[in-house]
Each structure stands twice: as structure tokens, then as C-alpha cells.
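Enquirer: This structure is in C-alpha cells; I'll ask about it shortly.
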Amino acid sequence: MPQSPGPALRRIPSVTLLLTDPAGVEILSAYPRPLVIKLLREILEQKRRDLLAGREPQLSPPDLWQELGLRIKAKTAYHLRRVVNGTGVVIHTNLGRSLLARPAAAQVELAARYYSNLEFDLTLGRRGSRYSHVEELLTELTGAEAALVVNNNAAAVLLALDTLAQGREVVVSRGQLVEIGGSFRVPEVMSRSGALLHEVGTTNKTHLRDYENAVNERTALLLKVHTSNFRILGFTSEVSLEELVVLGKTHGLPVMEDLGSGSLLDLSPFGLEKEPTVSEAVRTGADLITFSGDKLLGGPQAGILVGKKAVIQMVRANPLTRALRIDKLTLAALEATLHLYRQPTRALQEIPTLNLLTTPPAALRRRARRLLHYLNRSNLSSVTLEVLPTVSQVGGGALPLSSLPSYALALLPLKGTVNDLEAHLRSQPIPIIGRIEKDRLLLDLRTIQEVDIPVIRESLTAWVAVPQNP
Ligand SMILES: *Cc1c(COP(=O)(O)O)cnc(C)c1O
């Protein structure tokens with residue numbers, strides 16, 4: 001006959017008793033009482049089930065409080081956390097894309113903590129427009145007649161198509177029906193906007209006559225999508241924006257380009273691919289150009305529309321604009337970021353995305369060696385370190401062919417596997433995200449900041465203390 005669990009269950013201390021324990025008193029002074037009690041009950045319930053199943057759980061108050069301490073930390077920690085980006089992907093969509101420049105972050109704090117003239121005209125003392133804070137800067141920096149900003153570039157494209165082509169046809173090259181990041185597909189956004197897709201050409205070749213043949217009385221717009229996240233190489237041809245603008249003029253049709261990444265500066269002098277800048281696109285005479293705020297621009301998440309005054313006015317009058325509107329924190333960051341572009345050398349220095357993309361390999365090698373020496377002084381016995389050349393990526397679906405020569409700190413664990421080490425670094429208070437290559441964990445110095453260095457040391461020191469699995 002099985003033994004009755006009754007006496008065993010009596011070994012579980014009561015909540016009331018635990019709360020009078022000194023450790024309990026201390027936890028109660030730091031965390032809300034209802035949360036402490038709820039988690040404690042959960043733990044005790046688990047112990048009861050363990051006992052009933054014949055297991056031997058830890059039941060001493062210090063053990064129980066330690067378990068509660070861990071649970072409560074996990075429960076009350078912020079879910080959105082800082083991480084160290086050791087991937088070398090500068091515009092990493094999963095890790096937050098662009099970092100803000102210092103003045104942009106400062107403006108965010110200002111807009112967050114104080115009232116502002118968000119929609120108030122300080123000269124006239126009456127209601128103003130939230131778009132006024134960036135429109136002039138955008139027209140000055142791009143040469144466009146007018147500008148408007150919304151929540152992100154996907155919203156900008158949706159809004160533009162809804163305004164210009166609802167229920168009518170938009171002519172697009174088949175080679176430009178792209179998917180970006182799995183959640184933005186040009187054909188799907190078009191169908192949501194109520195525009196009808198009129199595909200022309202083939203995957204690798206589209207000619208001007210293809211567009212010309214497609215134009216009919218239902219045509220509303222000629223659209224070019226910058227295929228920013230891939231390249232079709234070899235036997236290809238695309239119609240330039242200039243040619244589309246001429247065709248549009250002939251037929252009285254507006255021409256739009258979704259530039260995607262949208263760079264305000266030409267980065268080709270720094271060894272990156274030549275991308276059309278926003279000003280170059282504007283100079284073709286296109287009616288509307290859209291791009292992201294947090295890709296190559298290096299600002300906050302935003303969708304920027306620049307173009308002809310009449311077109312921007314139509315877009316602004318669309319009720320959807322209100323639904324997709326940009327918030328004040330984003331506006332604050334965007335204005336400060338754009339300000340930096342008035343002095344391109346300052347922009348390259350102070351906007352992290354531009355700074356990281358243009359850091360020369362020699363500087364990255366020096367940083368990698370300094371990090372190596374610094375860590376070697378810390379006696380990290382359970383991992384060997386070396387500096388290896390590697391290649392970073394721009395990311396964010398921009399400049400797919402640009403490979404940026406870089407240097408990485410390569411970690412080879414002397415206990416456990418490289419996957420164990422990767423998981424350990426990822427589970428630290430400030431997680432470190434690296435890349436596994438040939439049984440080593442690489443931390444690419446291009447995306448590692450000075451302030452990340454002590455974090456890396458602490459996490460590796462903690463790895464030394466992790467008991468080795470047999
Ligand atoms: C990235 C991208 C988008 C989407 O921009 P978000 O700012 O991420 O919304 C749209 N079109 C192109 C061509 C892109 O590269």
C-alpha cells in the first residue's frame with residue numbers, strides 16, 4: 001500500500017510563517033506584497049506537486065526565498081532590454097535598427113518630460129502643425145518642394161497609394177515586387193490600399209515600352225520600388241526613374257519611387273555601393289519619394305514622403321494620415337537627426353549608423369586588439385580569444401552587395417560547446433548577441449560600443465564560474 005502523502009505535505013511551510021522570516025521581510029520591503037504572495041503560493045503549489053509525485057524538493061525557507069528572488073526578478077524586469085550587438089549588422093531590424101545620435105536622444109527626453117509646441121504656433125499664439133518641425137529641414141536637405149512624415153515607410157507607401165491610386169491601376173515592374181523583412185510585401189500593401197497592381201516586364205528585364213504598353217484609362221500611377229535588399233545580377237535591365245518621369249509627363253501620370261532605405265549622403269566614398277540619394281531622386285522630377293527614418297538615415301522609426309507640393313498636399317488631406325501619424329518623441333528625434341545633416345561631417349561623426357558604416361577596418365582592428373588585451377588581463381581561463389578578420393553587413397535591407405571588411409574577437413570555449421557559450425552570453429543581464437562561425441563565437445567590433453566592453457568582460461567572467469556539464 002502506498003504511503004499516505006499527508007505527513008510529507010506537512011513539511012511545506014505556510015505563507016504566513018515564511019513572511020515572518022527575515023528574508024521575507026526584506027523582499028516585502030522591495031516588492032509589492034500581492035505579487036510576493038502570489039509567486040510564493042505558486043512555488044509552494046509546485047513543491048506540493050513534487051512531494052505528491054515522490055520527488056524530494058528543497059523546502060527550507062532560505063531555498064524558497066532564493067527561488068522567489070529569481071522569479072520576482074524575472075517578473076519585474078523590463079522586457080525590452082539593452083543588448084550588445086556583436087553581429088556586425090549595423091542596421092539590424094531585430095536589434096532595433098538605428099541608434100540615435102546624442103542630440104536626438106536628448107530631444108526625445110525633452111519632448112517626453114516637458115510640454116512642447118508640438119501643435120502650437122509660437123509666433124501666432126494659436127494652433128500649429130506637428131509637421132512644421134521637420135518639413136523645412138526635409139525640403140532644404142533634399143531639394144523637394146514639400147515633405148510629410150508618418151509612422152514608418154510601410155505606412156508612407158500605403159498612404160501614398162491610397163491617396164493617388166485607390167481603385168485604379170499602378171504600373172510596377174515585376175522585378176520590383178519585393179518582400180522586405182517578411183512583413184512588407186509590395187503587392188500586399190498595394191492591395192490593402194485599394195490600388196490595382198499592373199505588373200510589367202519580367203523578373204530580370206523591364207523596358208520602357210513595357211510601361212508604355214501598360215498605360216490605359218485606369219492607370220493612376222507609375223511606381224518604382226528600389227530593390228534595396230537584393231540585386232538581380234547578370235542579364236538585367238531596369239527603367240531609370242528619369243525615364244519614368246518623362247513617360248509620366250507624356251501621359252499626365254504621377255511618378256513615385258519607394259526608395260526604401262533612403263540615404264541623404266552618398267556613402268560610396270567610404271567603399272559602400274553607390275545608392276541613389278534622396279536628392280538625386282528628387283532631381284529627376286519624380287512627384288513623390290518615400291523612405292525610412294531608421295535605415296541609412298540613422299534616425300528614429302519613421303516614414304518620410306518628399307515631393308511635389310500639390311501631391312504632398314493631397315496626401316496630407318487623406319484621413320488615413322491621421323491614423324498613421326508620427327508621435328512627438330519620434331518627431332523630436334527626427335528633427336535633431338536631420339539638423340546634423342546640415343553639416344555632413346558632423347552627421348558622419350555623430351549619427352551612429354553613419355559612423356559605424358564608415359569606420360575604417362584599421363580602426364576596428366585596433367579596437368579588437370585592445371579588447372583582446374583587456375580581456376587577457378582578466379584571466380578568463382575557460383575561453384581562448386583571438387582577433388580574426390571578418391565581414392560586417394549594412395543590414396536593414398540596404399546595400400546588399402556592400403561587404404564591409406571588419407575585425408572580430410573570436411571566442412573558443414575550453415569547456416562546453418560554442419552553443420553553450422552563445423546561450424550563456426545571451427542570457428546575461430545585458431545580453432550579448434554574437435555570430436557562430438566555424439565553432440567560434442564572433443563578436444564583430446563594428447557594432448560594439450566602448451560602453452559594451454565592461455559588459456563583455458563581466459559576462460565572460462561569469463562564464464568562467466559556470467559549472468561544466470559532464
Ligand atoms: C524597408 C523598406 C520598406 C519598409 O520600411 P519601414 O520603415 O520598415 O516600414 C518599404 N520599402 C522598401 C523598398 C524598403 O526597403
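By order of appearance in the C-alpha cells: chains A, B, ..., then residues from 1 within every chain, and ligands from 1 in the order shown.
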Give me, as an MDAnalysis selection string, the set of residues whose atoms come within 10 Å of any atom of ligand 1, counting only C-alpha atoms and all ligand atoms.
Expert: chainID A and resid 93 97 150:158 176:181 183:186 189 224:230 257:262 290:295 300:304 396:399
Enquirer: Store the residues picked out above in a file with N, CA and C atoms, as a tab-separated table (two decimals), in the first residue's frame.
Expert:
```tsv
chain	number	residue	atom	x	y	z
A	93	THR	N	17.38	44.95	-37.93
A	93	THR	CA	15.98	45.20	-37.63
A	93	THR	C	15.55	44.52	-36.32
A	97	ARG	N	17.37	48.37	-35.28
A	97	ARG	CA	17.83	49.22	-36.39
A	97	ARG	C	18.82	50.30	-35.95
A	150	VAL	N	5.31	60.20	-41.51
A	150	VAL	CA	4.34	59.30	-40.86
A	150	VAL	C	5.12	58.26	-40.05
A	151	ASN	N	4.38	57.28	-39.56
A	151	ASN	CA	4.91	56.31	-38.61
A	151	ASN	C	6.08	55.44	-39.11
A	152	ASN	N	6.04	54.99	-40.33
A	152	ASN	CA	7.17	54.25	-40.92
A	152	ASN	C	7.01	54.24	-42.43
A	153	ASN	N	7.98	53.68	-43.13
A	153	ASN	CA	7.92	53.75	-44.58
A	153	ASN	C	6.80	52.90	-45.17
A	154	ALA	N	6.50	51.77	-44.51
A	154	ALA	CA	5.38	50.95	-44.98
A	154	ALA	C	4.09	51.81	-44.97
A	155	ALA	N	3.93	52.60	-43.91
A	155	ALA	CA	2.77	53.49	-43.81
A	155	ALA	C	2.82	54.55	-44.89
A	156	ALA	N	4.01	55.06	-45.17
A	156	ALA	CA	4.15	56.10	-46.20
A	156	ALA	C	3.71	55.56	-47.56
A	157	VAL	N	4.12	54.32	-47.87
A	157	VAL	CA	3.76	53.72	-49.16
A	157	VAL	C	2.25	53.48	-49.23
A	158	LEU	N	1.71	52.93	-48.16
A	158	LEU	CA	0.27	52.66	-48.09
A	158	LEU	C	-0.53	53.95	-48.31
A	176	GLN	N	10.43	44.31	-59.27
A	176	GLN	CA	10.44	45.18	-58.08
A	176	GLN	C	9.34	44.84	-57.08
A	177	LEU	N	8.67	43.70	-57.29
A	177	LEU	CA	7.61	43.31	-56.36
A	177	LEU	C	8.23	42.59	-55.18
A	178	VAL	N	8.89	43.35	-54.35
A	178	VAL	CA	9.76	42.75	-53.34
A	178	VAL	C	9.06	42.53	-52.01
A	179	GLU	N	9.68	41.67	-51.22
A	179	GLU	CA	9.27	41.49	-49.83
A	179	GLU	C	10.41	42.00	-48.97
A	180	ILE	N	10.05	42.78	-47.97
A	180	ILE	CA	11.07	43.33	-47.07
A	180	ILE	C	10.80	42.86	-45.66
A	181	GLY	N	11.74	42.14	-45.10
A	181	GLY	CA	11.65	41.70	-43.70
A	181	GLY	C	10.46	40.81	-43.41
A	183	SER	N	7.44	41.14	-43.62
A	183	SER	CA	6.16	41.70	-43.22
A	183	SER	C	5.70	42.81	-44.16
A	184	PHE	N	6.53	43.14	-45.12
A	184	PHE	CA	6.16	44.19	-46.07
A	184	PHE	C	6.35	43.64	-47.47
A	185	ARG	N	5.23	43.35	-48.11
A	185	ARG	CA	5.31	42.86	-49.49
A	185	ARG	C	4.61	43.88	-50.35
A	186	VAL	N	5.32	44.36	-51.36
A	186	VAL	CA	4.76	45.42	-52.18
A	186	VAL	C	3.35	45.06	-52.71
A	189	VAL	N	0.73	45.33	-49.83
A	189	VAL	CA	0.46	46.70	-49.41
A	189	VAL	C	-0.40	47.40	-50.46
A	224	LYS	N	8.05	53.03	-58.97
A	224	LYS	CA	9.33	52.32	-58.96
A	224	LYS	C	9.63	51.97	-57.50
A	225	VAL	N	10.04	50.72	-57.28
A	225	VAL	CA	10.41	50.31	-55.92
A	225	VAL	C	11.90	50.01	-55.94
A	226	HIS	N	12.62	50.67	-55.07
A	226	HIS	CA	14.05	50.42	-55.01
A	226	HIS	C	14.26	49.05	-54.39
A	227	THR	N	14.83	48.12	-55.15
A	227	THR	CA	15.01	46.76	-54.65
A	227	THR	C	16.22	46.76	-53.74
A	228	SER	N	15.97	47.29	-52.53
A	228	SER	CA	17.13	47.60	-51.69
A	228	SER	C	17.72	46.39	-51.00
A	229	ASN	N	16.96	45.29	-50.90
A	229	ASN	CA	17.50	44.18	-50.13
A	229	ASN	C	18.02	43.01	-50.97
A	230	PHE	N	17.99	43.16	-52.28
A	230	PHE	CA	18.63	42.13	-53.11
A	230	PHE	C	19.01	42.76	-54.44
A	257	GLU	N	8.59	56.93	-56.36
A	257	GLU	CA	9.60	55.91	-56.06
A	257	GLU	C	9.59	55.62	-54.56
A	258	ASP	N	9.51	54.32	-54.22
A	258	ASP	CA	9.73	53.88	-52.84
A	258	ASP	C	11.22	53.58	-52.74
A	259	LEU	N	11.95	54.51	-52.15
A	259	LEU	CA	13.41	54.38	-52.09
A	259	LEU	C	13.86	53.38	-51.02
A	260	GLY	N	12.97	53.05	-50.11
A	260	GLY	CA	13.35	52.11	-49.05
A	260	GLY	C	14.25	52.77	-48.03
A	261	SER	N	15.54	52.49	-48.19
A	261	SER	CA	16.50	52.96	-47.20
A	261	SER	C	16.68	54.47	-47.22
A	262	GLY	N	16.79	55.03	-48.40
A	262	GLY	CA	16.83	56.47	-48.49
A	262	GLY	C	17.98	57.14	-47.76
A	290	THR	N	9.39	58.07	-51.18
A	290	THR	CA	9.22	57.67	-49.78
A	290	THR	C	10.46	56.91	-49.31
A	291	PHE	N	10.78	57.06	-48.02
A	291	PHE	CA	11.91	56.31	-47.45
A	291	PHE	C	11.77	56.23	-45.93
A	292	SER	N	12.62	55.36	-45.34
A	292	SER	CA	12.55	55.11	-43.89
A	292	SER	C	13.38	56.11	-43.11
A	293	GLY	N	12.99	56.34	-41.86
A	293	GLY	CA	13.77	57.22	-40.99
A	293	GLY	C	14.89	56.48	-40.27
A	294	ASP	N	14.74	55.15	-40.10
A	294	ASP	CA	15.69	54.43	-39.25
A	294	ASP	C	16.58	53.45	-39.99
A	295	LYS	N	16.66	53.60	-41.31
A	295	LYS	CA	17.65	52.79	-42.04
A	295	LYS	C	18.89	53.65	-42.25
A	300	PRO	N	15.04	57.94	-36.01
A	300	PRO	CA	14.02	57.08	-35.40
A	300	PRO	C	13.16	56.40	-36.47
A	301	GLN	N	12.38	55.40	-36.07
A	301	GLN	CA	11.44	54.77	-37.00
A	301	GLN	C	10.47	55.83	-37.51
A	302	ALA	N	10.43	56.01	-38.81
A	302	ALA	CA	9.54	56.99	-39.40
A	302	ALA	C	9.44	56.72	-40.89
A	303	GLY	N	8.39	57.21	-41.50
A	303	GLY	CA	8.26	57.14	-42.95
A	303	GLY	C	8.26	58.56	-43.46
A	304	ILE	N	9.11	58.84	-44.43
A	304	ILE	CA	9.26	60.21	-44.91
A	304	ILE	C	8.78	60.27	-46.35
A	396	GLY	N	19.26	46.05	-42.67
A	396	GLY	CA	18.10	46.89	-42.95
A	396	GLY	C	17.67	46.86	-44.40
A	397	GLY	N	18.05	45.80	-45.08
A	397	GLY	CA	17.68	45.71	-46.49
A	397	GLY	C	18.35	46.78	-47.33
A	398	ALA	N	19.49	47.27	-46.88
A	398	ALA	CA	20.18	48.31	-47.65
A	398	ALA	C	21.51	47.80	-48.16
A	399	LEU	N	21.91	48.26	-49.31
A	399	LEU	CA	23.22	47.97	-49.88
A	399	LEU	C	23.61	46.49	-49.74
```
Enquirer: Which residues are near Glu273 (chain A)? Cut-off 8 Å, only C-alpha atoms, ignore same chain within fewer than 3 positions. Put them as a ChimeraX atom specification.
Expert: /A:267-268,399,401-402
Enquirer: For the residues in that selection, give me N, CA and C atoms as a PDB file, in the first residue's frame.
Expert:
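Okay, this is what ended up in result19.pdb:
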```pdb
ATOM      1  N   LEU A 267      27.412  57.506 -49.745  1.00  0.00           N
ATOM      2  CA  LEU A 267      28.393  56.794 -48.918  1.00  0.00           C
ATOM      3  C   LEU A 267      29.438  56.061 -49.753  1.00  0.00           C
ATOM      4  N   SER A 268      29.366  56.227 -51.094  1.00  0.00           N
ATOM      5  CA  SER A 268      30.319  55.492 -51.938  1.00  0.00           C
ATOM      6  C   SER A 268      31.781  55.907 -51.705  1.00  0.00           C
ATOM      7  N   LEU A 399      21.905  48.262 -49.313  1.00  0.00           N
ATOM      8  CA  LEU A 399      23.220  47.974 -49.876  1.00  0.00           C
ATOM      9  C   LEU A 399      23.611  46.495 -49.736  1.00  0.00           C
ATOM     10  N   LEU A 401      25.002  44.396 -51.535  1.00  0.00           N
ATOM     11  CA  LEU A 401      26.275  43.904 -52.073  1.00  0.00           C
ATOM     12  C   LEU A 401      27.479  44.465 -51.336  1.00  0.00           C
ATOM     13  N   SER A 402      27.223  45.443 -50.465  1.00  0.00           N
ATOM     14  CA  SER A 402      28.349  46.038 -49.764  1.00  0.00           C
ATOM     15  C   SER A 402      28.805  45.101 -48.670  1.00  0.00           C
TER      16      SER A 402
END
```
Enquirer: What are the nearest atom pairs, with distances in Å to one decimal, for all residues of region 186-289 of chain A that come at most 9 Å from region 352-374 of chain A, using only C-alpha atoms, set out by chain and rising residue number as a Markdown table?
Expert:
```
| residue | atom | partner | partner_atom | distance |
| --- | --- | --- | --- | --- |
| A:Leu267 | CA | A:Thr358 | CA | 8.1 |
| A:Phe270 | CA | A:Thr358 | CA | 5.9 |
| A:Gly271 | CA | A:Thr358 | CA | 8.2 |
| A:Leu272 | CA | A:Leu357 | CA | 8.5 |
```
Enquirer: Those same residues - C-alpha atoms - I'd like them written as a PDB file, in the first residue's frame.
Expert:
```pdb
ATOM      1  CA  LEU A 267      28.393  56.794 -48.918  1.00  0.00           C
ATOM      2  CA  PHE A 270      33.629  55.155 -47.948  1.00  0.00           C
ATOM      3  CA  GLY A 271      33.647  51.986 -50.007  1.00  0.00           C
ATOM      4  CA  LEU A 272      29.900  51.326 -49.939  1.00  0.00           C
TER       5      LEU A 272
END
```
Enquirer: CA of Thr219 (chain A) and CA of Ser191 (chain A), how far apart in Å?
Expert: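 Taking CA of Ser191 (chain A) and CA of Thr219 (chain A), their separation equals 14.9 Å.
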Enquirer: Using DSSP on the backbone, list every residue of region 183-343 of chain A that comes out as strand (DSSP E or B), and give them as a ChimeraX atom specification.
Expert: /A:184-185,196-200,205,219-225,237,255-260,263,277,288-292,303-307,325
Enquirer: What parts of region 82-271 of chain A does DSSP call alpha helix (DSSP H)? I'd like the answer as a ChimeraX atom specification.
Expert: /A:102-113,132-142,153-165,186-192,208-214,241-251
Enquirer: So how far away is CA of Ala195 (chain A) from CA of Gly167 (chain A), in Å?
Expert: 5.1 Å
Enquirer: What does the distance from CA of Gly96 (chain A) to CA of Leu70 (chain A) come to in Å, to one decimal?
Expert: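 Atom-to-atom, CA of Gly96 (chain A) and CA of Leu70 (chain A) are spaced 27.5 Å apart.
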Enquirer: Within 8 Å of Leu159 (chain A), counting only C-alpha atoms, which residues qualify if same-chain residues fewer than 6 places away don't, as a ChimeraX atom specification?
Expert: /A:193,315,318,320-321
Enquirer: Using C-alpha atoms, can you write the selected residues to a file as a PDB file, in the first residue's frame?
Expert:
```
ATOM      1  CA  SER A 193      -4.501  50.435 -50.309  1.00  0.00           C
ATOM      2  CA  VAL A 315      -1.566  63.045 -49.167  1.00  0.00           C
ATOM      3  CA  ASN A 318      -6.118  61.993 -46.678  1.00  0.00           C
ATOM      4  CA  LEU A 320      -5.517  57.953 -43.231  1.00  0.00           C
ATOM      5  CA  THR A 321      -2.682  60.403 -42.476  1.00  0.00           C
TER       6      THR A 321
END
```
